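Undergrad: Enclosed is the structure file upload.cif (mmCIF, C-alpha atoms).
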data_data
#
loop_
_atom_site.label_atom_id
_atom_site.label_comp_id
_atom_site.auth_asym_id
_atom_site.auth_seq_id
_atom_site.Cartn_x
_atom_site.Cartn_y
_atom_site.Cartn_z
CA MET A 1 -32.70 54.42 -32.29
CA PRO A 2 -29.98 51.72 -32.61
CA ILE A 3 -26.74 52.42 -30.75
CA LYS A 4 -23.50 50.61 -30.26
CA LEU A 5 -24.04 48.72 -27.05
CA SER A 6 -21.21 49.39 -24.62
CA LYS A 7 -20.93 50.01 -20.90
CA ARG A 8 -21.32 53.76 -21.43
CA THR A 9 -24.38 53.53 -23.67
CA VAL A 10 -26.03 50.94 -21.45
CA ASP A 11 -25.47 53.17 -18.40
CA ALA A 12 -27.03 56.03 -20.34
CA LEU A 13 -30.08 53.90 -21.07
CA ALA A 14 -30.37 53.11 -17.38
CA ALA A 15 -30.50 56.84 -16.61
CA ALA A 16 -33.42 57.34 -19.00
CA PRO A 17 -37.06 56.64 -18.06
CA LEU A 18 -37.50 52.88 -17.57
CA PRO A 19 -38.29 50.40 -18.99
CA SER A 20 -36.21 50.96 -22.13
CA ILE A 21 -34.76 48.90 -24.96
CA GLY A 22 -31.62 49.44 -27.01
CA TYR A 23 -30.55 47.66 -30.21
CA ASP A 24 -26.94 47.18 -31.24
CA THR A 25 -25.68 48.85 -34.43
CA GLU A 26 -22.90 46.31 -34.98
CA LEU A 27 -24.88 43.05 -34.67
CA LYS A 28 -28.37 42.97 -36.13
CA GLY A 29 -30.91 41.36 -33.83
CA PHE A 30 -28.87 41.91 -30.64
CA GLY A 31 -30.24 44.15 -27.90
CA VAL A 32 -30.65 44.94 -24.22
CA ARG A 33 -33.70 45.62 -22.04
CA LEU A 34 -33.67 47.56 -18.80
CA GLY A 35 -36.68 47.00 -16.56
CA ALA A 36 -38.46 49.48 -14.31
CA GLY A 37 -36.85 47.90 -11.25
CA GLY A 38 -33.37 48.33 -12.70
CA SER A 39 -33.04 44.76 -14.02
CA LEU A 40 -31.00 44.18 -17.16
CA SER A 41 -31.45 41.43 -19.75
CA TRP A 42 -29.68 40.84 -23.03
CA PHE A 43 -31.64 39.38 -25.92
CA ILE A 44 -31.67 38.43 -29.58
CA GLU A 45 -34.56 38.79 -32.00
CA TYR A 46 -34.88 36.31 -34.84
CA ARG A 47 -37.29 34.61 -37.20
CA PRO A 48 -37.11 30.81 -36.70
CA GLY A 49 -37.05 28.20 -39.44
CA ALA A 50 -36.72 29.46 -43.01
CA GLY A 51 -37.28 33.04 -41.80
CA GLY A 52 -38.96 35.62 -44.01
CA ARG A 53 -41.37 38.41 -43.09
CA ARG A 54 -44.29 36.01 -42.83
CA VAL A 55 -42.65 34.32 -39.84
CA ALA A 56 -43.24 36.07 -36.53
CA LYS A 57 -40.21 37.31 -34.67
CA LYS A 58 -39.17 35.74 -31.39
CA ARG A 59 -37.25 37.45 -28.62
CA PHE A 60 -34.88 35.22 -26.66
CA TYR A 61 -33.47 36.63 -23.41
CA PHE A 62 -30.17 35.47 -21.94
CA GLY A 63 -27.85 36.66 -19.21
CA SER A 64 -28.04 39.80 -17.07
CA ARG A 65 -25.54 42.16 -15.47
CA GLU A 66 -22.92 39.42 -15.05
CA PHE A 67 -22.45 39.67 -18.83
CA THR A 68 -20.36 42.59 -20.09
CA PRO A 69 -21.55 44.06 -23.39
CA GLU A 70 -18.65 42.31 -25.17
CA GLN A 71 -19.53 38.93 -23.63
CA ALA A 72 -23.21 39.42 -24.41
CA ARG A 73 -22.41 40.34 -28.03
CA GLN A 74 -20.28 37.18 -28.44
CA THR A 75 -23.06 34.99 -26.99
CA ALA A 76 -25.57 36.70 -29.29
CA LYS A 77 -23.35 35.93 -32.30
CA GLU A 78 -23.29 32.23 -31.39
CA LEU A 79 -27.06 32.11 -30.88
CA LEU A 80 -27.78 33.89 -34.17
CA ALA A 81 -25.36 31.58 -35.97
CA ALA A 82 -27.32 28.60 -34.62
CA VAL A 83 -30.55 30.22 -35.86
CA ALA A 84 -29.01 30.61 -39.33
CA LEU A 85 -28.40 26.84 -39.32
CA GLY A 86 -32.05 26.13 -38.50
CA GLY A 87 -31.93 26.22 -34.72
CA ASP A 88 -34.50 27.77 -32.41
CA PRO A 89 -33.12 28.83 -28.98
CA MET A 90 -36.61 29.48 -27.60
CA LYS A 91 -37.84 26.00 -28.51
CA ASP A 92 -34.64 24.44 -27.13
CA ARG A 93 -35.16 26.22 -23.81
CA ILE A 94 -38.78 25.04 -23.55
CA ARG A 95 -37.73 21.50 -24.38
CA GLU A 96 -34.99 21.59 -21.76
CA ARG A 97 -37.36 22.86 -19.07
CA GLN A 98 -39.86 20.14 -19.92
CA SER A 99 -37.30 17.34 -20.24
CA LEU A 100 -37.01 14.80 -17.44
CA THR A 101 -34.02 13.99 -15.31
CA PHE A 102 -32.50 10.53 -15.58
CA SER A 103 -34.02 9.52 -12.25
CA GLU A 104 -37.51 10.64 -13.31
CA PHE A 105 -37.45 8.89 -16.68
CA ALA A 106 -35.87 5.73 -15.25
CA GLU A 107 -38.95 5.31 -13.04
CA ARG A 108 -41.19 5.91 -16.04
CA TYR A 109 -39.24 3.28 -18.03
CA LEU A 110 -39.63 0.68 -15.29
CA ALA A 111 -43.37 1.34 -14.98
CA GLU A 112 -44.28 1.61 -18.67
CA GLU A 113 -41.78 -0.50 -20.61
CA ALA A 114 -39.96 -2.91 -18.31
CA GLN A 115 -43.05 -3.98 -16.37
CA VAL A 116 -44.73 -5.12 -19.59
CA LYS A 117 -41.86 -6.64 -21.55
CA LEU A 118 -39.28 -7.93 -19.08
CA LYS A 119 -39.29 -10.81 -16.63
CA PRO A 120 -39.60 -10.09 -12.89
CA GLY A 121 -36.01 -11.16 -12.21
CA THR A 122 -34.66 -8.79 -14.87
CA ILE A 123 -36.81 -5.93 -13.55
CA ALA A 124 -35.49 -6.54 -10.04
CA ASN A 125 -31.89 -6.45 -11.30
CA TYR A 126 -32.58 -3.26 -13.28
CA ARG A 127 -34.04 -1.58 -10.19
CA ILE A 128 -30.88 -2.40 -8.25
CA ALA A 129 -28.65 -1.13 -11.07
CA ILE A 130 -30.61 2.12 -11.32
CA ARG A 131 -30.87 2.78 -7.58
CA LYS A 132 -27.40 1.66 -6.53
CA HIS A 133 -25.21 2.59 -9.50
CA ALA A 134 -26.87 4.96 -11.97
CA VAL A 135 -28.93 7.42 -9.89
CA PRO A 136 -26.12 8.55 -7.53
CA ASP A 137 -24.11 9.85 -10.52
CA LEU A 138 -26.77 10.61 -13.15
CA GLY A 139 -30.02 11.03 -11.24
CA ARG A 140 -30.32 14.83 -11.42
CA ILE A 141 -28.96 15.28 -14.94
CA LYS A 142 -31.44 15.95 -17.73
CA LEU A 143 -31.72 12.88 -19.91
CA ASP A 144 -30.68 14.67 -23.12
CA LYS A 145 -27.63 16.16 -21.38
CA ILE A 146 -26.02 12.84 -20.44
CA SER A 147 -22.97 12.27 -22.62
CA ASN A 148 -20.90 9.31 -23.67
CA ALA A 149 -18.11 10.61 -21.42
CA ASP A 150 -20.47 10.61 -18.41
CA LEU A 151 -21.32 6.95 -18.96
CA ALA A 152 -17.70 5.98 -19.68
CA ARG A 153 -16.71 7.41 -16.28
CA LEU A 154 -19.59 5.61 -14.56
CA HIS A 155 -18.75 2.31 -16.31
CA THR A 156 -15.13 2.54 -15.16
CA LYS A 157 -16.15 3.50 -11.62
CA ILE A 158 -18.47 0.51 -11.20
CA GLY A 159 -15.98 -1.79 -12.93
CA LYS A 160 -13.40 -1.19 -10.20
CA THR A 161 -15.52 -3.28 -7.83
CA SER A 162 -17.51 -5.49 -10.23
CA THR A 163 -17.14 -5.79 -13.99
CA VAL A 164 -20.38 -7.78 -14.18
CA ASN A 165 -22.36 -5.04 -12.42
CA ALA A 166 -20.74 -2.42 -14.64
CA ASN A 167 -21.79 -4.23 -17.82
CA ARG A 168 -25.33 -4.94 -16.56
CA THR A 169 -25.79 -1.29 -15.54
CA MET A 170 -24.80 -0.09 -19.02
CA GLU A 171 -27.26 -2.58 -20.56
CA CYS A 172 -30.00 -1.14 -18.36
CA ILE A 173 -29.13 2.47 -19.24
CA SER A 174 -29.05 1.56 -22.93
CA SER A 175 -32.59 0.20 -22.67
CA ILE A 176 -33.72 3.40 -20.95
CA PHE A 177 -32.37 5.55 -23.79
CA ARG A 178 -33.94 3.31 -26.45
CA TYR A 179 -37.32 3.81 -24.80
CA ALA A 180 -36.68 7.57 -24.41
CA ALA A 181 -36.22 7.79 -28.19
CA THR A 182 -39.57 6.09 -28.81
CA CYS A 183 -41.18 8.64 -26.44
CA ASN A 184 -39.56 11.58 -28.31
CA ILE A 185 -37.66 12.54 -25.16
CA VAL A 186 -34.33 12.27 -27.01
CA PRO A 187 -33.66 12.18 -30.77
CA VAL A 188 -33.96 8.80 -32.48
CA GLY A 189 -30.59 7.07 -32.42
CA HIS A 190 -29.33 9.10 -29.47
CA ASN A 191 -27.87 6.59 -27.06
CA PRO A 192 -24.70 7.62 -25.20
CA THR A 193 -23.92 3.99 -24.34
CA LYS A 194 -22.91 3.42 -27.97
CA GLY A 195 -19.22 2.84 -28.39
CA LEU A 196 -18.65 1.73 -24.78
CA ARG A 197 -16.81 -1.58 -24.75
CA ALA A 198 -18.01 -4.04 -22.13
CA PHE A 199 -15.54 -5.38 -19.59
CA ARG A 200 -14.38 -8.92 -20.16
CA GLU A 201 -16.28 -11.20 -17.81
CA ASN A 202 -14.65 -14.33 -16.50
CA ARG A 203 -17.43 -16.86 -16.07
CA ARG A 204 -17.24 -18.59 -12.73
CA GLU A 205 -17.44 -22.36 -13.11
CA ARG A 206 -17.67 -24.59 -10.06
CA PHE A 207 -18.59 -28.26 -10.26
CA LEU A 208 -18.98 -30.51 -7.25
CA SER A 209 -16.88 -33.66 -7.17
CA SER A 210 -18.29 -37.05 -6.15
CA GLU A 211 -16.85 -36.61 -2.68
CA GLU A 212 -18.40 -33.13 -2.34
CA LEU A 213 -21.78 -34.43 -3.54
CA GLY A 214 -21.58 -37.11 -0.85
CA ARG A 215 -20.93 -34.51 1.86
CA LEU A 216 -23.77 -32.35 0.51
CA GLY A 217 -26.23 -35.24 0.58
CA GLU A 218 -25.22 -36.10 4.13
CA ALA A 219 -25.63 -32.46 5.25
CA ILE A 220 -29.13 -32.24 3.73
CA ARG A 221 -30.19 -35.46 5.47
CA GLU A 222 -28.82 -34.22 8.78
CA ALA A 223 -30.56 -30.84 8.41
CA GLU A 224 -33.99 -32.34 7.72
CA THR A 225 -33.78 -34.94 10.52
CA VAL A 226 -31.82 -34.11 13.67
CA GLY A 227 -30.69 -30.66 12.57
CA ILE A 228 -27.24 -29.14 12.07
CA PRO A 229 -25.50 -27.96 15.26
CA TYR A 230 -24.45 -24.34 15.52
CA GLU A 231 -22.27 -22.32 17.88
CA ILE A 232 -22.88 -18.97 19.55
CA ASP A 233 -20.59 -16.15 20.60
CA GLY A 234 -20.45 -16.44 24.37
CA SER A 235 -19.09 -12.90 24.73
CA LYS A 236 -22.33 -11.30 23.50
CA PRO A 237 -24.97 -10.23 26.06
CA SER A 238 -27.63 -12.29 24.26
CA ALA A 239 -25.61 -15.49 24.81
CA LYS A 240 -27.18 -16.08 28.23
CA HIS A 241 -30.59 -16.45 26.57
CA ALA A 242 -29.35 -18.97 23.99
CA PRO A 243 -30.64 -22.57 24.01
CA LYS A 244 -28.66 -25.28 25.78
CA PRO A 245 -25.81 -26.75 23.68
CA GLU A 246 -27.73 -29.97 23.02
CA ASN A 247 -30.64 -27.93 21.63
CA ARG A 248 -28.59 -25.70 19.34
CA ARG A 249 -29.53 -27.25 16.03
CA ILE A 250 -30.88 -25.80 12.78
CA GLN A 251 -33.50 -27.88 11.01
CA ILE A 252 -35.00 -27.43 7.56
CA ASP A 253 -38.44 -28.55 6.47
CA VAL A 254 -39.07 -31.32 3.96
CA TYR A 255 -39.87 -28.81 1.21
CA THR A 256 -36.54 -27.01 1.52
CA ALA A 257 -34.68 -30.34 1.46
CA ALA A 258 -36.71 -31.40 -1.60
CA ALA A 259 -35.86 -28.12 -3.34
CA PHE A 260 -32.10 -28.73 -2.99
CA ARG A 261 -32.45 -32.29 -4.27
CA LEU A 262 -34.56 -31.21 -7.25
CA LEU A 263 -32.01 -28.54 -8.15
CA ILE A 264 -29.30 -31.21 -8.29
CA LEU A 265 -31.35 -33.90 -10.03
CA THR A 266 -32.95 -31.69 -12.71
CA GLY A 267 -30.35 -28.96 -13.31
CA ALA A 268 -33.20 -26.43 -13.14
CA ARG A 269 -32.73 -22.81 -12.16
CA LEU A 270 -33.60 -21.75 -8.62
CA ARG A 271 -36.74 -19.78 -9.56
CA GLU A 272 -37.94 -22.64 -11.77
CA ILE A 273 -38.05 -24.89 -8.71
CA LEU A 274 -39.30 -22.35 -6.17
CA HIS A 275 -42.11 -21.20 -8.52
CA LEU A 276 -42.99 -24.74 -9.60
CA LYS A 277 -46.71 -25.51 -9.24
CA TRP A 278 -48.28 -28.95 -9.08
CA ASP A 279 -50.21 -28.08 -12.24
CA TYR A 280 -46.88 -28.01 -14.12
CA VAL A 281 -45.92 -31.58 -13.13
CA ASP A 282 -46.80 -34.25 -15.69
CA PHE A 283 -46.23 -37.52 -13.83
CA GLN A 284 -47.41 -39.66 -16.73
CA ARG A 285 -44.86 -38.36 -19.21
CA GLY A 286 -42.21 -37.50 -16.60
CA LEU A 287 -41.97 -33.77 -17.40
CA LEU A 288 -42.10 -30.38 -15.74
CA LEU A 289 -44.03 -28.18 -18.18
CA LEU A 290 -43.08 -24.62 -17.27
CA PRO A 291 -45.28 -21.98 -18.93
CA ASP A 292 -42.53 -19.40 -18.46
CA SER A 293 -38.85 -19.33 -17.57
CA LYS A 294 -35.77 -17.28 -18.30
CA THR A 295 -35.85 -18.62 -21.87
CA GLY A 296 -39.65 -18.77 -22.27
CA ARG A 297 -41.84 -21.89 -22.28
CA LYS A 298 -39.81 -24.89 -21.23
CA ALA A 299 -40.10 -28.62 -20.55
CA ILE A 300 -37.75 -30.22 -18.02
CA VAL A 301 -37.26 -33.98 -18.27
CA LEU A 302 -37.67 -35.82 -14.96
CA ASN A 303 -35.32 -38.73 -14.34
CA ALA A 304 -36.40 -41.59 -12.10
CA PRO A 305 -34.92 -40.18 -8.84
CA ALA A 306 -36.51 -36.77 -9.46
CA LEU A 307 -39.86 -38.34 -10.30
CA ALA A 308 -39.75 -40.51 -7.17
CA LEU A 309 -38.89 -37.47 -5.06
CA LEU A 310 -41.88 -35.52 -6.41
CA GLN A 311 -44.20 -38.44 -5.71
CA LYS A 312 -43.13 -38.45 -2.05
CA ILE A 313 -43.71 -34.72 -1.47
CA GLU A 314 -46.93 -33.98 0.37
CA ARG A 315 -49.18 -31.58 -1.56
CA ALA A 316 -49.75 -28.67 0.81
CA TRP A 317 -50.81 -25.87 -1.52
CA GLN A 318 -50.42 -24.94 -5.19
CA TYR A 319 -46.62 -24.69 -5.04
CA VAL A 320 -44.52 -27.88 -4.94
CA ILE A 321 -42.03 -26.21 -2.59
CA ALA A 322 -44.61 -24.89 -0.15
CA SER A 323 -44.02 -21.74 1.89
CA SER A 324 -45.87 -20.35 4.91
CA ASP A 325 -48.16 -18.41 2.55
CA PRO A 326 -50.36 -20.62 0.33
CA ASP A 327 -50.51 -17.94 -2.37
CA ARG A 328 -46.81 -17.14 -2.57
CA PRO A 329 -43.71 -19.25 -3.34
CA LYS A 330 -40.62 -19.33 -1.16
CA ALA A 331 -38.59 -16.17 -1.68
CA ASP A 332 -35.17 -17.86 -1.67
CA LEU A 333 -33.04 -20.59 -0.06
CA ASN A 334 -30.09 -18.44 0.97
CA ARG A 335 -30.17 -19.00 4.75
CA PRO A 336 -30.58 -22.79 4.67
CA TRP A 337 -27.98 -23.03 1.91
CA ARG A 338 -25.41 -21.17 4.01
CA THR A 339 -26.00 -23.60 6.86
CA ILE A 340 -25.86 -26.74 4.69
CA SER A 341 -22.91 -25.68 2.52
CA LYS A 342 -20.90 -24.76 5.62
CA ARG A 343 -21.67 -28.13 7.19
CA ALA A 344 -20.64 -29.90 3.97
CA ASP A 345 -17.43 -27.84 3.80
CA LEU A 346 -18.38 -26.31 0.42
CA ALA A 347 -16.95 -22.83 0.90
CA GLY A 348 -17.73 -20.50 -2.00
CA VAL A 349 -20.21 -22.87 -3.66
CA ARG A 350 -23.40 -21.11 -4.85
CA ILE A 351 -26.84 -22.64 -5.28
CA HIS A 352 -26.48 -22.06 -9.05
CA ASP A 353 -23.40 -24.30 -9.03
CA LEU A 354 -25.75 -27.25 -8.50
CA ARG A 355 -27.02 -26.63 -12.03
CA HIS A 356 -23.44 -26.59 -13.34
CA THR A 357 -22.77 -29.84 -11.48
CA HIS A 358 -25.77 -31.50 -13.13
CA ALA A 359 -24.41 -30.56 -16.57
CA SER A 360 -20.82 -31.53 -15.74
CA VAL A 361 -21.86 -35.05 -14.77
CA GLY A 362 -23.63 -35.43 -18.12
CA ALA A 363 -20.60 -34.15 -20.03
CA ALA A 364 -18.26 -36.50 -18.20
CA ALA A 365 -20.60 -39.40 -18.98
CA GLY A 366 -20.15 -38.77 -22.70
CA LEU A 367 -23.44 -37.00 -23.43
CA SER A 368 -23.21 -34.59 -26.37
CA LEU A 369 -23.26 -30.85 -25.75
CA PRO A 370 -26.50 -30.36 -27.76
CA ILE A 371 -28.24 -32.94 -25.55
CA ILE A 372 -26.96 -31.23 -22.38
CA GLY A 373 -28.12 -27.89 -23.75
CA LYS A 374 -31.59 -29.30 -24.38
CA LEU A 375 -31.79 -30.70 -20.85
CA LEU A 376 -30.81 -27.36 -19.33
CA GLY A 377 -33.02 -25.33 -21.65
CA HIS A 378 -30.19 -23.36 -23.28
CA THR A 379 -31.25 -21.35 -26.32
CA GLN A 380 -27.65 -20.63 -27.40
CA ALA A 381 -25.15 -23.37 -28.19
CA SER A 382 -22.37 -21.11 -26.89
CA THR A 383 -23.89 -21.27 -23.39
CA THR A 384 -23.41 -25.05 -23.26
CA GLN A 385 -19.88 -24.78 -24.67
CA ARG A 386 -18.48 -24.10 -21.19
CA TYR A 387 -18.85 -27.83 -20.41
CA ALA A 388 -16.92 -28.94 -23.50
CA HIS A 389 -13.64 -29.46 -21.64
CA LEU A 390 -15.36 -31.95 -19.33
CA ALA A 391 -16.65 -34.16 -22.12
CA SER A 392 -15.09 -37.40 -23.28
CA ASP A 393 -13.30 -35.83 -26.23
CA PRO A 394 -12.02 -38.05 -29.12
CA LEU A 395 -9.19 -35.56 -29.65
CA LYS A 396 -8.01 -36.11 -26.09
CA GLU A 397 -8.08 -39.86 -26.59
CA ALA A 398 -6.13 -39.57 -29.86
CA SER A 399 -3.52 -37.29 -28.30
CA GLU A 400 -3.23 -39.68 -25.35
CA LYS A 401 -2.49 -42.66 -27.60
CA ILE A 402 0.10 -40.79 -29.65
CA GLY A 403 1.83 -39.36 -26.60
CA LEU A 404 1.99 -42.69 -24.77
CA SER A 405 3.31 -44.46 -27.87
CA LEU A 406 6.05 -41.92 -28.48
CA SER A 407 7.11 -41.77 -24.83
CA ALA A 408 7.11 -45.57 -24.54
CA GLN A 409 9.46 -45.81 -27.53
CA MET A 410 11.75 -43.32 -25.82
CA GLY A 411 11.70 -45.51 -22.73
CA ASP A 412 10.83 -42.83 -20.17
CA THR A 413 7.04 -43.14 -19.59
CA PRO A 414 4.89 -45.71 -17.72
CA THR A 415 2.80 -48.05 -19.81
CA PRO A 416 -0.78 -47.00 -20.66
CA GLU A 417 -2.09 -49.63 -18.23
CA LYS A 418 -0.21 -48.05 -15.33
CA VAL A 419 -1.35 -44.54 -16.30
CA GLU A 420 -4.97 -45.71 -16.31
CA ALA A 421 -4.53 -47.46 -12.96
CA LYS A 422 -3.06 -44.29 -11.46
CA ARG A 423 -6.06 -42.32 -12.65
#
As structure tokens, what does this structure read like?
TA:
Amino acid sequence: MPIKLSKRTVDALAAAPLPSIGYDTELKGFGVRLGAGGSLSWFIEYRPGAGGRRVAKKRFYFGSREFTPEQARQTAKELLAAVALGGDPMKDRIRERQSLTFSEFAERYLAEEAQVKLKPGTIANYRIAIRKHAVPDLGRIKLDKISNADLARLHTKIGKTSTVNANRTMECISSIFRYAATCNIVPVGHNPTKGLRAFRENRRERFLSSEELGRLGEAIREAETVGIPYEIDGSKPSAKHAPKPENRRIQIDVYTAAAFRLLILTGARLREILHLKWDYVDFQRGLLLLPDSKTGRKAIVLNAPALALLQKIERAWQYVIASSDPDRPKADLNRPWRTISKRADLAGVRIHDLRHTHASVGAAAGLSLPIIGKLLGHTQASTTQRYAHLASDPLKEASEKIGLSLSAQMGDTPTPEKVEAKR
């Protein structure tokens, strides 16, 4: 018989033969169950969906003795109100138990989606973003429980050390949620990265001057011939086993030297040169025909110095820049670059800055930005726009003429001939 569930009536039920069930008189569908071992569980009974007698009842248990009857009744009211709006607490609980954590689904995304649709470099960057930035904060949270506020905090946290890494991590997480929606793990359109504003990124532009290019060329020649001298820390125990001072030199092989020269002469990306195969080189037409690159299929025009350099390289294996393994390209050029750039006094210069230098020389020579973009393989005109300030701009020339004329009439500026000579 229904009773008003209170501490007294629940205690009375516990004194009766167990198990026993009591229903509340004040809230229809709310009840309590006392097990034979003395356990207590509150529950609601409801008919999901549109309801009606043809729909079987479900019993949803929640809470135990830590809930007072008043707290249990309030929770039951909220659950029954959700049912009235079309909810189903039992189904929600099953879905939550079956749902994956962020860490679990991120691995699934990399294996099923990223591996098929993204380039190896992007996949590698995504793995770093997931492992280093996302998993420590989100790894154990169920995917459908991650909120916009969670990601806003993570974005800000990463942004304190690197705004670029913060933005790339959010892009990765956004892709994970888009795939989760297609797998019915989260509702379609559910993506907590929406509304997060990316940090402003200041693009780093570094172009080598003629003097710096001269020092770089000299350092490469020294490294591939006699080697670049290096110093050791005499205070370390291993110093006594170091080579004699006259033998302390770092040499690079001809392929590494050729790689640096090709990067400068072609403006190609690092991976485009390291993964270059002899099959991609068209000597007759003077082209590198890359079947795949960051921007897809691509043809790189070979100028005379680049073509001559390729003709001198000995064909060891399938890769132009041969490594110790005939079936694998060189992994990177970081160690030799550190040695060469230090010798050439190019502190802070990256390998990618050689590509920028290639473009800057073209802009300064008066080549149009669309032509430079074509040479570099840019798919967006805005990408090439960064070199606009280096170009021979008619507006600059016009402003120069007006300014010199006005200042000359005022009698306080050198003549245009002297300005040009000073330059």
Undergrad: With distances taken over only C-alpha atoms, which residue among A:Asn247, A:Asn184, A:Ser175, A:Ser341 lies nearest Gly217 in chain A?
TA: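 Looking only at the distances to Gly217 in chain A, the closest residue turns out to be A:Ser341.
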Undergrad: Name the residues that the PyMOL selection byres ((chain A and resi 5-13) around 8) picks from the file above, as a CSV table (one decimal) with C-alpha atoms, in the frame of the given file, using the file's chain letters and numbers.
TA:
chain,number,residue,atom,x,y,z
A,3,ILE,CA,-26.7,52.4,-30.8
A,4,LYS,CA,-23.5,50.6,-30.3
A,14,ALA,CA,-30.4,53.1,-17.4
A,15,ALA,CA,-30.5,56.8,-16.6
A,16,ALA,CA,-33.4,57.3,-19.0
A,20,SER,CA,-36.2,51.0,-22.1
A,21,ILE,CA,-34.8,48.9,-25.0
A,22,GLY,CA,-31.6,49.4,-27.0
A,23,TYR,CA,-30.6,47.7,-30.2
A,24,ASP,CA,-26.9,47.2,-31.2
A,25,THR,CA,-25.7,48.8,-34.4
A,31,GLY,CA,-30.2,44.2,-27.9
A,34,LEU,CA,-33.7,47.6,-18.8
A,68,THR,CA,-20.4,42.6,-20.1
A,69,PRO,CA,-21.6,44.1,-23.4
A,70,GLU,CA,-18.6,42.3,-25.2
Undergrad: Got a sec to resolve the PyMOL selection byres ((chain A and resi 268-281) around 7) on this structure and send the residues as a CSV table (one decimal) with C-alpha atoms, in the frame of the given file?
TA:
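What landed in out-v8.csv:
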chain,number,residue,atom,x,y,z
A,259,ALA,CA,-35.9,-28.1,-3.3
A,263,LEU,CA,-32.0,-28.5,-8.2
A,266,THR,CA,-33.0,-31.7,-12.7
A,267,GLY,CA,-30.4,-29.0,-13.3
A,282,ASP,CA,-46.8,-34.2,-15.7
A,283,PHE,CA,-46.2,-37.5,-13.8
A,287,LEU,CA,-42.0,-33.8,-17.4
A,288,LEU,CA,-42.1,-30.4,-15.7
A,289,LEU,CA,-44.0,-28.2,-18.2
A,290,LEU,CA,-43.1,-24.6,-17.3
A,293,SER,CA,-38.8,-19.3,-17.6
A,318,GLN,CA,-50.4,-24.9,-5.2
A,319,TYR,CA,-46.6,-24.7,-5.0
A,320,VAL,CA,-44.5,-27.9,-4.9
A,321,ILE,CA,-42.0,-26.2,-2.6
A,329,PRO,CA,-43.7,-19.2,-3.3
A,330,LYS,CA,-40.6,-19.3,-1.2
A,355,ARG,CA,-27.0,-26.6,-12.0
A,376,LEU,CA,-30.8,-27.4,-19.3
Undergrad: How many Å lie between CA of His190 in chain A and CA of Lys58 in chain A, rounded to one decimal?
TA: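 Between CA of His190 in chain A and CA of Lys58 in chain A the gap works out to 28.5 Å.
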Undergrad: Since I can't run it myself right now, could you work out what the PyMOL selection byres ((chain A and resi 40) around 9) selects here and report it as a list in words?
TA: Ala14, Val32, Arg33, Leu34, Gly35, Gly38, Ser39, Ser41, Trp42, Gly63, Ser64 and Arg65 of chain A
Undergrad: Give me, as a list in words, all polymer residues having an atom no more than 9 Å from Arg59 in chain A, counting only C-alpha atoms and skipping those fewer than 4 positions away in the same chain.
TA: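 Listed by chain and then number, they are Phe43, Ile44, Glu45, Tyr46 and Met90 of chain A.
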Undergrad: CA of Tyr255 in chain A to CA of Asp292 in chain A: how many Å, to one decimal?
TA: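 The value is 22.0 Å.
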Undergrad: Box time for range 283-294 of chain A: axis-aligned, enclosing all its listed atoms, 6 Å extra on each side; report centre and edge lengths in Å to one decimal, as lines of an AutoDock Vina configuration file.
TA:
center_x = -41.6
center_y = -28.5
center_z = -16.5
size_x = 23.6
size_y = 34.4
size_z = 17.4
Undergrad: Skipping near chain neighbours, those fewer than 4 positions away, what residues fall within 9 Å of Leu307 in chain A using all atoms listed in the file, listed as JSON, numbers by chain?
TA: {"A": [283, 286, 287, 302, 303, 311, 312]}
Undergrad: Measuring atom to atom with only C-alpha atoms, identify which of A:Pro192, A:Gly362, A:Gly214, A:Pro243 is nearest to Asp345 in chain A.
TA: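 The answer is A:Gly214, which sits nearest to Asp345 in chain A.
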Undergrad: Mind pulling up the distance from CA of Lys294 in chain A to CA of Met170 in chain A?
TA: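 Interatomic distance here is 20.4 Å.
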Undergrad: Could you name the residues that touch Thr122 in chain A at 12 Å or less, counting only C-alpha atoms, but leaving out those on the same chain fewer than 6 positions away, as a ChimeraX atom specification?
TA: /A:110,114-116,128-129,168-169,171-172,293-294
Undergrad: Suppose we keep C-alpha atoms; can you now write the selection as a tab-separated table (two decimals), keeping the file's coordinate frame?
TA:
chain	number	residue	atom	x	y	z
A	110	LEU	CA	-39.63	0.68	-15.29
A	114	ALA	CA	-39.96	-2.91	-18.31
A	115	GLN	CA	-43.05	-3.98	-16.37
A	116	VAL	CA	-44.73	-5.12	-19.59
A	128	ILE	CA	-30.88	-2.40	-8.25
A	129	ALA	CA	-28.65	-1.13	-11.07
A	168	ARG	CA	-25.33	-4.94	-16.56
A	169	THR	CA	-25.79	-1.29	-15.54
A	171	GLU	CA	-27.26	-2.58	-20.56
A	172	CYS	CA	-30.00	-1.14	-18.36
A	293	SER	CA	-38.85	-19.33	-17.57
A	294	LYS	CA	-35.77	-17.28	-18.30
Undergrad: A:Lys342, A:His352, A:Arg200, A:Lys57: which is nearest Arg215 in chain A, counting all atoms listed in the file?
TA: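 Residue with the minimum atom-to-atom distance to Arg215 in chain A: A:Lys342.
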Undergrad: Can you list every residue of range 320-365 of chain A that has an atom at most 9 Å from range 226-230 of chain A, with its nearest atom pair and the distance in Å to one decimal, using all atoms listed in the file, ordered by chain then number, as JSON lines?
TA:
{"residue": "A:Thr339", "atom": "CA", "partner": "A:Ile228", "partner_atom": "CA", "distance": 7.7}
{"residue": "A:Ile340", "atom": "CA", "partner": "A:Ile228", "partner_atom": "CA", "distance": 7.9}
{"residue": "A:Arg343", "atom": "CA", "partner": "A:Ile228", "partner_atom": "CA", "distance": 7.5}
Undergrad: Find the residues near Glu231 in chain A: any atom within 12 Å, counting only C-alpha atoms, skip ones fewer than 4 places away on the same chain, and give them as number ranges by chain.
TA: A: 239, 242-250, 339
